[in-house]
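Heads up, query_26.cif below (mmCIF, C-alpha atoms and all ligand atoms):
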```cif
data_coords
#
loop_
_atom_site.label_atom_id
_atom_site.label_comp_id
_atom_site.auth_asym_id
_atom_site.auth_seq_id
_atom_site.Cartn_x
_atom_site.Cartn_y
_atom_site.Cartn_z
CA MET A 1 64.83 205.93 124.50
CA THR A 2 61.60 204.09 123.80
CA GLU A 3 59.04 205.93 121.74
CA ARG A 4 55.77 206.79 123.49
CA ALA A 5 52.55 205.56 121.90
CA ASP A 6 50.90 208.98 121.75
CA LYS A 7 49.26 208.54 118.32
CA THR A 8 46.11 206.47 117.91
CA ILE A 9 44.48 204.71 114.97
CA GLU A 10 41.05 203.13 114.57
CA LEU A 11 40.92 199.43 113.70
CA ARG A 12 37.55 198.19 112.38
CA VAL A 13 37.77 194.47 113.02
CA LEU A 14 35.32 191.91 111.63
CA ARG A 15 34.05 189.85 114.57
CA TYR A 16 32.24 186.53 114.44
CA ASN A 17 31.41 184.22 117.30
CA PRO A 18 29.87 180.97 115.98
CA VAL A 19 28.03 180.40 119.25
CA THR A 20 26.29 183.76 119.60
CA ASP A 21 26.43 185.54 116.20
CA GLU A 22 24.16 184.89 113.25
CA LYS A 23 26.63 186.64 110.96
CA PRO A 24 29.87 188.66 111.24
CA HIS A 25 29.85 192.35 112.19
CA HIS A 26 32.49 195.08 112.52
CA GLN A 27 33.74 196.36 115.85
CA SER A 28 35.90 199.48 116.19
CA PHE A 29 38.89 199.80 118.50
CA THR A 30 41.07 202.87 119.02
CA VAL A 31 44.62 201.64 119.29
CA PRO A 32 47.64 203.67 120.49
CA TYR A 33 50.68 202.96 118.33
CA THR A 34 54.34 203.70 117.84
CA SER A 35 56.05 203.97 114.46
CA ASP A 36 57.43 200.42 114.65
CA MET A 37 54.10 198.70 115.43
CA SER A 38 52.52 196.24 113.02
CA VAL A 39 48.81 195.53 112.58
CA LEU A 40 49.46 192.26 114.44
CA GLN A 41 50.81 194.22 117.41
CA GLY A 42 47.71 196.41 117.26
CA LEU A 43 45.54 193.28 117.53
CA GLN A 44 47.69 192.01 120.40
CA TRP A 45 47.21 195.31 122.22
CA ILE A 46 43.42 194.91 121.84
CA LYS A 47 43.55 191.31 123.08
CA ASP A 48 45.75 192.22 126.06
CA THR A 49 43.94 195.37 127.21
CA ILE A 50 40.37 195.54 125.82
CA ASP A 51 38.94 192.21 124.69
CA GLY A 52 40.68 188.93 125.44
CA SER A 53 38.24 187.04 123.23
CA LEU A 54 39.57 188.57 119.99
CA THR A 55 40.76 185.58 117.95
CA TYR A 56 43.47 185.54 115.27
CA ARG A 57 46.40 183.36 114.21
CA TRP A 58 50.03 184.31 114.49
CA SER A 59 53.33 182.76 115.44
CA CYS A 60 56.64 184.09 114.14
CA ARG A 61 55.69 187.81 113.83
CA MET A 62 58.44 188.07 111.20
CA ALA A 63 56.76 187.13 107.89
CA ILE A 64 57.98 183.57 107.76
CA CYS A 65 55.38 181.24 109.35
CA GLY A 66 52.50 182.37 107.14
CA SER A 67 49.89 182.29 109.95
CA CYS A 68 48.78 185.91 110.17
CA GLY A 69 47.25 186.49 106.73
CA MET A 70 44.18 188.75 106.80
CA MET A 71 42.40 191.35 104.69
CA ILE A 72 43.79 194.74 105.70
CA ASN A 73 41.88 197.55 104.00
CA ALA A 74 40.49 194.87 101.64
CA GLU A 75 43.95 193.67 100.58
CA PRO A 76 45.35 190.27 101.58
CA LYS A 77 48.38 191.02 103.79
CA LEU A 78 50.49 189.51 106.55
CA ALA A 79 49.44 191.40 109.70
CA CYS A 80 52.98 191.16 111.12
CA HIS A 81 54.43 192.62 107.92
CA THR A 82 52.09 195.63 107.67
CA LEU A 83 52.93 198.70 109.73
CA LEU A 84 50.20 200.78 111.35
CA ARG A 85 52.08 204.00 110.54
CA ASP A 86 51.67 203.25 106.81
CA LEU A 87 47.89 203.04 107.27
CA ALA A 88 47.52 206.30 109.22
CA PRO A 89 45.31 208.21 109.68
CA GLY A 90 42.93 205.24 109.29
CA PRO A 91 40.41 203.88 109.97
CA VAL A 92 41.81 200.46 109.00
CA THR A 93 39.49 197.56 108.26
CA VAL A 94 40.80 194.19 109.39
CA GLU A 95 38.91 191.11 108.15
CA PRO A 96 39.60 187.40 107.78
CA LEU A 97 41.07 186.23 104.47
CA ASN A 98 38.53 186.38 101.64
CA HIS A 99 37.14 183.21 100.04
CA PHE A 100 37.65 181.06 103.15
CA PRO A 101 34.93 180.19 105.69
CA ILE A 102 35.27 182.11 108.97
CA GLU A 103 35.75 179.96 112.09
CA ARG A 104 35.88 182.82 114.58
CA ASP A 105 36.83 186.51 114.24
CA LEU A 106 39.95 186.58 112.02
CA VAL A 107 40.51 182.82 111.93
CA VAL A 108 39.51 180.97 108.74
CA THR A 109 39.12 177.28 107.87
CA VAL A 110 42.33 176.01 106.26
CA ASP A 111 41.30 172.38 105.56
CA ASP A 112 40.67 172.92 101.86
CA PHE A 113 44.00 174.67 101.36
CA VAL A 114 45.91 171.93 103.19
CA LYS A 115 44.21 169.21 101.12
CA LYS A 116 45.18 171.02 97.94
CA ILE A 117 48.81 171.24 98.98
CA GLU A 118 48.79 167.54 99.87
CA SER A 119 47.27 166.68 96.51
CA VAL A 120 50.35 167.83 94.56
CA THR A 121 52.73 165.28 96.16
CA PRO A 122 54.85 168.05 97.68
CA TRP A 123 58.17 166.28 98.11
CA LEU A 124 61.12 165.27 95.95
CA ILE A 125 60.90 161.93 94.22
CA PRO A 126 64.45 161.21 93.02
CA LYS A 127 64.72 160.55 89.30
CA HIS A 128 67.59 158.12 89.90
CA PRO A 129 67.47 156.95 93.53
CA LYS A 130 70.90 156.20 94.98
CA PRO A 131 72.29 155.32 98.42
CA VAL A 132 73.74 158.06 100.64
CA SER A 133 77.20 156.50 100.20
CA GLU A 134 77.16 157.66 96.58
CA GLY A 135 77.05 161.28 97.66
CA PRO A 136 74.64 164.18 97.13
CA TYR A 137 72.45 164.93 94.14
CA ASN A 138 74.31 167.83 92.55
CA GLN A 139 72.67 170.73 90.84
CA THR A 140 73.99 173.67 88.81
CA PRO A 141 72.97 177.26 89.68
CA ALA A 142 70.88 177.34 86.48
CA GLN A 143 69.03 174.17 87.49
CA MET A 144 68.33 175.67 90.90
CA ALA A 145 67.18 178.98 89.41
CA ALA A 146 64.49 177.04 87.51
CA TYR A 147 62.49 176.45 90.72
CA GLU A 148 64.04 178.59 93.46
CA ASN A 149 61.35 181.28 93.76
CA PHE A 150 58.62 178.62 93.93
CA SER A 151 60.37 177.07 96.94
CA ALA A 152 59.92 180.30 98.92
CA CYS A 153 56.18 179.74 99.55
CA ILE A 154 55.21 180.06 103.23
CA ASN A 155 51.63 178.73 102.78
CA CYS A 156 50.11 182.01 103.92
CA MET A 157 47.07 181.66 101.60
CA LEU A 158 47.13 185.35 100.63
CA CYS A 159 47.10 184.30 96.97
CA TYR A 160 43.86 182.32 97.45
CA ALA A 161 42.27 185.32 99.14
CA ALA A 162 43.29 187.41 96.11
CA CYS A 163 42.07 184.95 93.48
CA PRO A 164 38.51 185.65 92.21
CA GLN A 165 38.42 182.29 90.40
CA TYR A 166 39.00 180.49 93.71
CA GLY A 167 36.25 182.68 95.20
CA GLU A 168 33.91 181.59 92.40
CA ASN A 169 34.90 177.92 92.50
CA PRO A 170 36.46 176.59 95.70
CA LYS A 171 37.37 173.39 93.87
CA PHE A 172 39.89 175.28 91.73
CA ILE A 173 43.37 174.01 92.64
CA GLY A 174 44.58 177.60 92.98
CA PRO A 175 47.88 179.49 92.96
CA ALA A 176 50.06 178.24 95.85
CA ALA A 177 49.38 174.55 95.14
CA MET A 178 50.62 175.09 91.59
CA ALA A 179 53.67 177.04 92.80
CA ILE A 180 54.53 174.20 95.15
CA LEU A 181 53.94 171.64 92.40
CA GLN A 182 56.26 173.59 90.12
CA ARG A 183 58.86 173.76 92.88
CA TYR A 184 59.20 169.95 92.57
CA ASP A 185 58.34 169.47 88.89
CA GLY A 186 60.91 172.12 87.97
CA ASP A 187 63.67 170.49 90.05
CA SER A 188 66.27 168.67 87.92
CA ARG A 189 66.59 165.95 90.61
CA ASP A 190 62.87 165.15 90.62
CA GLY A 191 61.17 162.46 88.59
CA GLY A 192 57.67 162.61 90.07
CA SER A 193 55.79 164.84 87.63
CA ALA A 194 53.59 161.93 86.44
CA LEU A 195 52.20 161.68 89.99
CA ARG A 196 51.37 165.37 90.03
CA ILE A 197 49.82 165.85 86.59
CA ASP A 198 46.30 164.90 87.74
CA ALA A 199 46.17 167.95 90.00
CA VAL A 200 46.91 170.11 86.96
CA HIS A 201 44.35 168.68 84.50
CA GLY A 202 40.65 169.33 84.10
CA GLU A 203 38.15 172.02 84.93
CA ASP A 204 39.38 172.44 88.49
CA GLY A 205 43.05 172.35 87.48
CA VAL A 206 45.07 175.13 85.87
CA TRP A 207 42.40 175.90 83.28
CA GLY A 208 40.29 177.50 86.00
CA CYS A 209 42.83 180.33 85.90
CA THR A 210 42.03 183.30 83.65
CA ALA A 211 45.36 185.09 84.28
CA VAL A 212 43.95 187.74 86.62
CA GLY A 213 47.40 187.87 88.23
CA ALA A 214 46.33 189.19 91.65
CA CYS A 215 47.98 186.15 93.33
CA SER A 216 51.45 187.23 92.24
CA ASP A 217 50.74 190.85 93.17
CA VAL A 218 49.88 190.03 96.79
CA CYS A 219 52.45 187.28 97.46
CA PRO A 220 54.75 188.44 100.28
CA LYS A 221 57.57 186.13 99.16
CA ALA A 222 57.72 186.95 95.41
CA VAL A 223 56.84 183.32 94.64
CA ASP A 224 54.98 184.38 91.48
CA PRO A 225 52.30 181.66 91.60
CA MET A 226 50.67 183.06 88.45
CA HIS A 227 53.78 182.04 86.53
CA ALA A 228 53.60 178.50 87.95
CA VAL A 229 49.91 178.12 87.05
CA ASN A 230 50.39 179.35 83.49
CA GLN A 231 53.55 177.32 82.89
CA ASN A 232 51.48 174.28 83.77
CA LYS A 233 48.84 175.13 81.17
CA MET A 234 51.56 174.33 78.64
CA ASN A 235 52.47 171.09 80.47
CA THR A 236 48.88 169.84 80.66
CA ALA A 237 48.31 170.59 76.97
CA LEU A 238 51.47 168.65 76.04
CA ASP A 239 50.53 165.79 78.34
CA TYR A 240 47.06 165.66 76.78
CA PHE A 241 48.46 165.16 73.28
CA LEU A 242 51.35 162.91 74.28
CA ARG A 243 48.99 160.69 76.28
CA PHE A 244 47.71 159.07 73.07
CA LEU A 245 51.25 158.24 71.97
CA LYS A 246 52.15 156.91 75.42
CA LYS A 247 49.12 154.60 75.51
CA ARG A 248 50.13 153.05 72.23
CA ASP A 249 53.65 152.48 73.56
CA THR A 250 52.42 150.36 76.45
CA LYS A 251 50.43 147.96 74.26
CA MET B 1 35.47 173.04 122.97
CA SER B 2 33.03 175.48 121.52
CA GLU B 3 30.65 174.88 118.70
CA ARG B 4 31.89 175.07 115.08
CA ARG B 5 29.73 176.92 112.59
CA PRO B 6 31.98 178.22 109.80
CA TYR B 7 30.52 181.30 108.13
CA VAL B 8 30.82 181.45 104.33
CA ARG B 9 30.82 184.96 102.90
CA PRO B 10 29.11 185.28 99.51
CA MET B 11 31.30 186.18 96.52
CA PRO B 12 30.15 189.51 94.99
CA ARG B 13 28.83 188.76 91.50
CA ASP B 14 30.33 191.94 90.09
CA TRP B 15 33.86 191.30 91.40
CA TRP B 16 35.25 191.87 87.90
CA ALA B 17 33.94 195.45 87.92
CA ARG B 18 35.58 196.26 91.25
CA TRP B 19 39.06 197.30 92.33
CA PRO B 20 41.60 195.65 91.97
CA PHE B 21 40.13 193.48 89.19
CA ARG B 22 39.08 196.33 86.89
CA HIS B 23 42.53 196.38 85.31
CA TYR B 24 42.19 192.69 84.41
CA THR B 25 38.67 193.18 83.02
CA VAL B 26 39.74 196.07 80.80
CA ARG B 27 42.72 194.04 79.56
CA GLU B 28 40.49 191.10 78.60
CA LEU B 29 37.82 193.30 77.02
CA SER B 30 40.42 195.13 74.95
CA GLY B 31 41.09 191.77 73.26
CA VAL B 32 37.58 191.92 71.76
CA THR B 33 38.97 194.73 69.58
CA ILE B 34 40.62 192.14 67.36
CA ALA B 35 37.30 190.39 66.72
CA ILE B 36 35.57 193.70 65.92
CA TYR B 37 38.31 194.77 63.54
CA ALA B 38 38.28 191.34 61.88
CA ALA B 39 34.54 191.85 61.29
CA VAL B 40 35.26 195.25 59.68
CA LEU B 41 37.81 193.68 57.33
CA LEU B 42 35.52 190.75 56.56
CA SER B 43 32.68 193.07 55.63
CA GLY B 44 35.12 194.75 53.21
CA LEU B 45 35.90 191.38 51.65
CA VAL B 46 32.20 190.63 51.27
CA ALA B 47 31.69 194.06 49.64
CA LEU B 48 34.53 193.31 47.24
CA LEU B 49 32.86 190.05 46.21
CA GLN B 50 29.55 191.83 45.64
CA GLY B 51 31.00 194.15 43.04
CA PRO B 52 32.25 197.74 42.48
CA ALA B 53 29.13 199.47 43.82
CA ALA B 54 29.23 197.62 47.16
CA TRP B 55 32.99 198.15 47.40
CA ASP B 56 32.60 201.92 46.90
CA ALA B 57 29.82 202.02 49.46
CA TRP B 58 32.03 200.20 51.97
CA ARG B 59 34.91 202.61 51.31
CA GLY B 60 32.46 205.48 51.70
CA TRP B 61 31.42 204.09 55.08
CA LEU B 62 35.08 203.79 56.10
CA ALA B 63 35.50 207.56 55.56
CA SER B 64 32.34 208.44 57.53
CA PRO B 65 32.66 210.15 60.92
CA ALA B 66 31.10 207.12 62.69
CA SER B 67 33.71 204.80 61.21
CA LEU B 68 36.54 207.22 62.06
CA VAL B 69 35.38 207.37 65.68
CA LEU B 70 35.11 203.56 65.76
CA HIS B 71 38.61 203.17 64.33
CA GLY B 72 40.00 205.70 66.81
CA ALA B 73 38.43 203.76 69.69
CA LEU B 74 39.66 200.44 68.28
CA LEU B 75 43.18 201.84 67.95
CA ILE B 76 43.27 203.01 71.58
CA ALA B 77 41.92 199.64 72.82
CA MET B 78 44.41 197.79 70.62
CA LEU B 79 47.38 199.80 71.93
CA TRP B 80 46.25 199.04 75.49
CA HIS B 81 45.93 195.37 74.64
CA VAL B 82 49.44 195.25 73.17
CA ARG B 83 50.87 196.91 76.26
CA THR B 84 49.10 194.63 78.75
CA TRP B 85 49.55 191.49 76.63
CA PHE B 86 53.31 191.88 76.76
CA GLN B 87 53.10 192.64 80.48
CA ILE B 88 51.76 189.13 81.18
CA LEU B 89 53.79 187.40 78.46
CA PRO B 90 56.68 186.45 80.83
CA LYS B 91 54.16 184.76 83.17
CA THR B 92 52.71 182.57 80.46
CA MET B 93 55.97 181.24 79.03
CA PRO B 94 58.48 178.81 80.54
CA LYS B 95 61.08 180.41 82.78
CA LEU B 96 64.03 181.73 80.78
CA ILE B 97 67.39 181.00 82.41
CA LEU B 98 70.46 182.56 80.79
CA GLY B 99 73.93 181.96 82.23
CA GLY B 100 72.54 180.52 85.45
CA THR B 101 70.16 183.38 86.30
CA PRO B 102 66.53 183.94 85.33
CA VAL B 103 65.97 186.67 82.73
CA PRO B 104 64.02 189.46 84.52
CA GLN B 105 60.36 189.56 83.50
CA ARG B 106 60.67 193.30 82.81
CA THR B 107 63.33 192.56 80.18
CA ILE B 108 61.09 190.03 78.41
CA THR B 109 58.21 192.54 78.38
CA LEU B 110 60.50 195.27 77.08
CA ILE B 111 61.89 193.13 74.26
CA GLY B 112 58.43 191.88 73.23
CA THR B 113 56.91 195.37 73.26
CA SER B 114 59.85 196.80 71.32
CA VAL B 115 59.58 194.13 68.61
CA ALA B 116 55.83 194.82 68.30
CA VAL B 117 56.38 198.59 68.08
CA ILE B 118 59.17 198.26 65.50
CA CYS B 119 57.21 195.81 63.29
CA SER B 120 54.01 197.89 63.46
CA SER B 121 55.88 201.14 62.69
CA ALA B 122 57.66 199.48 59.76
CA LEU B 123 54.32 198.29 58.38
CA VAL B 124 52.75 201.76 58.73
CA ALA B 125 55.80 203.35 57.07
CA PHE B 126 55.63 200.81 54.25
CA VAL B 127 51.95 201.51 53.59
CA LEU B 128 52.36 205.31 53.75
CA TRP B 129 55.36 205.52 51.43
CA ARG B 130 54.47 202.65 49.14
CA PRO B 131 57.96 201.89 47.78
CA PHE B 132 56.41 199.74 45.02
S1 LIG C 301 52.43 181.60 96.85
FE1 LIG C 301 52.91 183.44 98.04
S2 LIG C 301 50.87 184.23 98.65
FE2 LIG C 301 50.56 182.10 98.00
S3 LIG C 301 50.68 180.90 99.89
FE3 LIG C 301 52.76 180.91 98.98
S4 LIG C 301 53.81 182.66 99.95
FE4 LIG C 301 51.60 182.91 100.34
S1 LIG C 302 53.15 185.88 112.37
FE1 LIG C 302 54.29 184.54 111.08
S2 LIG C 302 53.95 185.41 109.10
FE2 LIG C 302 53.02 186.86 110.43
#
```
Let me see the file written as structure tokens.
Ligand code: SF4
Ligand code: FES
Amino acid sequence: MTERADKTIELRVLRYNPVTDEKPHHQSFTVPYTSDMSVLQGLQWIKDTIDGSLTYRWSCRMAICGSCGMMINAEPKLACHTLLRDLAPGPVTVEPLNHFPIERDLVVTVDDFVKKIESVTPWLIPKHPKPVSEGPYNQTPAQMAAYENFSACINCMLCYAACPQYGENPKFIGPAAMAILQRYDGDSRDGGSALRIDAVHGEDGVWGCTAVGACSDVCPKAVDPMHAVNQNKMNTALDYFLRFLKKRDTK
Amino acid sequence: MSERRPYVRPMPRDWWARWPFRHYTVRELSGVTIAIYAAVLLSGLVALLQGPAAWDAWRGWLASPASLVLHGALLIAMLWHVRTWFQILPKTMPKLILGGTPVPQRTITLIGTSVAVICSSALVAFVLWRPF
């Protein structure tokens, strides 16, 4: 038997239309819900029955594509992974991810985030390249454990919305980019860390982090980006000192 | 295609005083305790250099109610700092892998905190009982 949606909850959604609105404003909707409905389904109900212009991103509705990140009651969350029944009796505020420019309603600009991910050379660069005929690159469970959690990132940007240092300085490389960097740097088969070290150095690199730790708290995939950032503080310090030795070697 | 006019929301200047960052702010501020206590010890050293009268005055100040309140406050802040410092310790060190699996961060925190508690208690016991 299907459950009837006889309970309702108020969603206070931040709306912004770049053509007509000077700045964003909240709009309230009363949404009927069942116990298995997510915030994303609440938004879909609004779009289908009340206001077709409500704009938000989503795709998989199962916490794997990373599209539906938004601030739900001021916390960065995946809308498909947050149940309305857990937010009852409401009202629930639904806003676009913090620290990113708003394009329209709940959709934010992702360009900066994508550039940051690209800047860490996010692919494996084999330490010892070999032809396929020589078989796979083997790895022990311990070698895999060194990077496995960092490989679980779904690029949802919740960690950037949680990070006050990124909010203060949008140039800061930020949590997920460092988690993704560590996913490759920490891989025993990879030999590309020299290509990635520039993203780690400097004012806008890992030293912009003051160990607030909110990124790891909000991550829906237990990636622990704070650990990746702070591990790389050690790497950049070592690289800084070893650089002098390396330069002498090349002469 | 409609017009693009991305709206940038301002960052509140007092973010550090707000939930959920208050915990972080208190943790960082509790670290100032060490600097304050170092200043207390340093002033004692200066008093010692200045001679017996200054030294006695400094010891007199240590026993005053104001100093006792300060030391009580410093102790509470220090205990909080120890607790939270070991909470983030596993995030600031390289990943520990033992026998093919990562050591849980809770275990690292527990071991670190226990070592700190045991060492501090041993020191307090040593000073109170003065075996020599
Ligand atoms: S590290 Fe976690 S919170 Fe950040 S983008 Fe990846 S999955 Fe999302
Ligand atoms: S819709 Fe894919 S993560 Fe929510």
Point to revise | Residues within 7 Å of ligand LIG 301 (chain C), counting all atoms listed in the file, as a PyMOL selection string | key: chain A and resi 66+152-160+175-176+179+215+218-225
Exercise for review: Grab me every residue within 7 Å of ligand LIG 302 (chain C), counting only C-alpha atoms and all ligand atoms, and send it over as an MDAnalysis selection string.
Suggested key: chainID A and resid 58:69 78:81
Exercise for review: Specify as a PyMOL selection string all residues of chain A found within 10 Å of chain B, counting all atoms listed in the file.
Suggested key: chain A and resi 16-24+74-75+98-104+107-109+140-147+162-164+166-169+186+210-214+216+224-235
Write the residues of the preceding selection, restricted to C-alpha atoms, as an mmCIF file, keeping the file's coordinate frame.
```cif
data_model
loop_
_atom_site.group_PDB
_atom_site.id
_atom_site.type_symbol
_atom_site.label_atom_id
_atom_site.label_comp_id
_atom_site.auth_asym_id
_atom_site.auth_seq_id
_atom_site.Cartn_x
_atom_site.Cartn_y
_atom_site.Cartn_z
ATOM 1 C CA TYR A 16 32.240 186.530 114.440
ATOM 2 C CA ASN A 17 31.410 184.220 117.300
ATOM 3 C CA PRO A 18 29.870 180.970 115.980
ATOM 4 C CA VAL A 19 28.030 180.400 119.250
ATOM 5 C CA THR A 20 26.290 183.760 119.600
ATOM 6 C CA ASP A 21 26.430 185.540 116.200
ATOM 7 C CA GLU A 22 24.160 184.890 113.250
ATOM 8 C CA LYS A 23 26.630 186.640 110.960
ATOM 9 C CA PRO A 24 29.870 188.660 111.240
ATOM 10 C CA ALA A 74 40.490 194.870 101.640
ATOM 11 C CA GLU A 75 43.950 193.670 100.580
ATOM 12 C CA ASN A 98 38.530 186.380 101.640
ATOM 13 C CA HIS A 99 37.140 183.210 100.040
ATOM 14 C CA PHE A 100 37.650 181.060 103.150
ATOM 15 C CA PRO A 101 34.930 180.190 105.690
ATOM 16 C CA ILE A 102 35.270 182.110 108.970
ATOM 17 C CA GLU A 103 35.750 179.960 112.090
ATOM 18 C CA ARG A 104 35.880 182.820 114.580
ATOM 19 C CA VAL A 107 40.510 182.820 111.930
ATOM 20 C CA VAL A 108 39.510 180.970 108.740
ATOM 21 C CA THR A 109 39.120 177.280 107.870
ATOM 22 C CA THR A 140 73.990 173.670 88.810
ATOM 23 C CA PRO A 141 72.970 177.260 89.680
ATOM 24 C CA ALA A 142 70.880 177.340 86.480
ATOM 25 C CA GLN A 143 69.030 174.170 87.490
ATOM 26 C CA MET A 144 68.330 175.670 90.900
ATOM 27 C CA ALA A 145 67.180 178.980 89.410
ATOM 28 C CA ALA A 146 64.490 177.040 87.510
ATOM 29 C CA TYR A 147 62.490 176.450 90.720
ATOM 30 C CA ALA A 162 43.290 187.410 96.110
ATOM 31 C CA CYS A 163 42.070 184.950 93.480
ATOM 32 C CA PRO A 164 38.510 185.650 92.210
ATOM 33 C CA TYR A 166 39.000 180.490 93.710
ATOM 34 C CA GLY A 167 36.250 182.680 95.200
ATOM 35 C CA GLU A 168 33.910 181.590 92.400
ATOM 36 C CA ASN A 169 34.900 177.920 92.500
ATOM 37 C CA GLY A 186 60.910 172.120 87.970
ATOM 38 C CA THR A 210 42.030 183.300 83.650
ATOM 39 C CA ALA A 211 45.360 185.090 84.280
ATOM 40 C CA VAL A 212 43.950 187.740 86.620
ATOM 41 C CA GLY A 213 47.400 187.870 88.230
ATOM 42 C CA ALA A 214 46.330 189.190 91.650
ATOM 43 C CA SER A 216 51.450 187.230 92.240
ATOM 44 C CA ASP A 224 54.980 184.380 91.480
ATOM 45 C CA PRO A 225 52.300 181.660 91.600
ATOM 46 C CA MET A 226 50.670 183.060 88.450
ATOM 47 C CA HIS A 227 53.780 182.040 86.530
ATOM 48 C CA ALA A 228 53.600 178.500 87.950
ATOM 49 C CA VAL A 229 49.910 178.120 87.050
ATOM 50 C CA ASN A 230 50.390 179.350 83.490
ATOM 51 C CA GLN A 231 53.550 177.320 82.890
ATOM 52 C CA ASN A 232 51.480 174.280 83.770
ATOM 53 C CA LYS A 233 48.840 175.130 81.170
ATOM 54 C CA MET A 234 51.560 174.330 78.640
ATOM 55 C CA ASN A 235 52.470 171.090 80.470
#
```
Exercise for review: In Å, rounded to a single decimal, give me how far CA of Ala73 (chain B) is from CA of Phe86 (chain B).
Suggested key: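 Taking CA of Phe86 (chain B) and CA of Ala73 (chain B), their separation equals 20.3 Å.
Atom pair CA of Asp190 (chain A) / CA of Phe150 (chain A): separated by 14.5 Å.
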Check your understanding: What does the distance between CA of Ala116 (chain B) and CA of Ser30 (chain B) come to in Å, to one decimal place?
Key ->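 Spanning CA of Ala116 (chain B) to CA of Ser30 (chain B) is a straight-line distance of 16.8 Å.
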Could you put an axis-aligned box around every listed atom of region 174-184 of chain A, padded by 3 Å on each side, and send me its centre and edge lengths in Å to one decimal, as JSON?
```
{"center_x": 51.9, "center_y": 174.7, "center_z": 93.0, "size_x": 20.6, "size_y": 15.5, "size_z": 11.7}
```
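Contact shell of Thr121 (chain A) at 9 Å (all atoms listed in the file; same-chain neighbours under 4 positions omitted): Ile117, Leu181, Tyr184, Gly192, Leu195 and Arg196 of chain A.
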Exercise for review: Starting from the point (47.8, 206.5, 121.2), work out which residues of protein, DNA or RNA have an atom no more than 10 Å away when counting all atoms listed in the file; state them as a PyMOL selection string.
Suggested key: chain A and resi 4-9+30-34
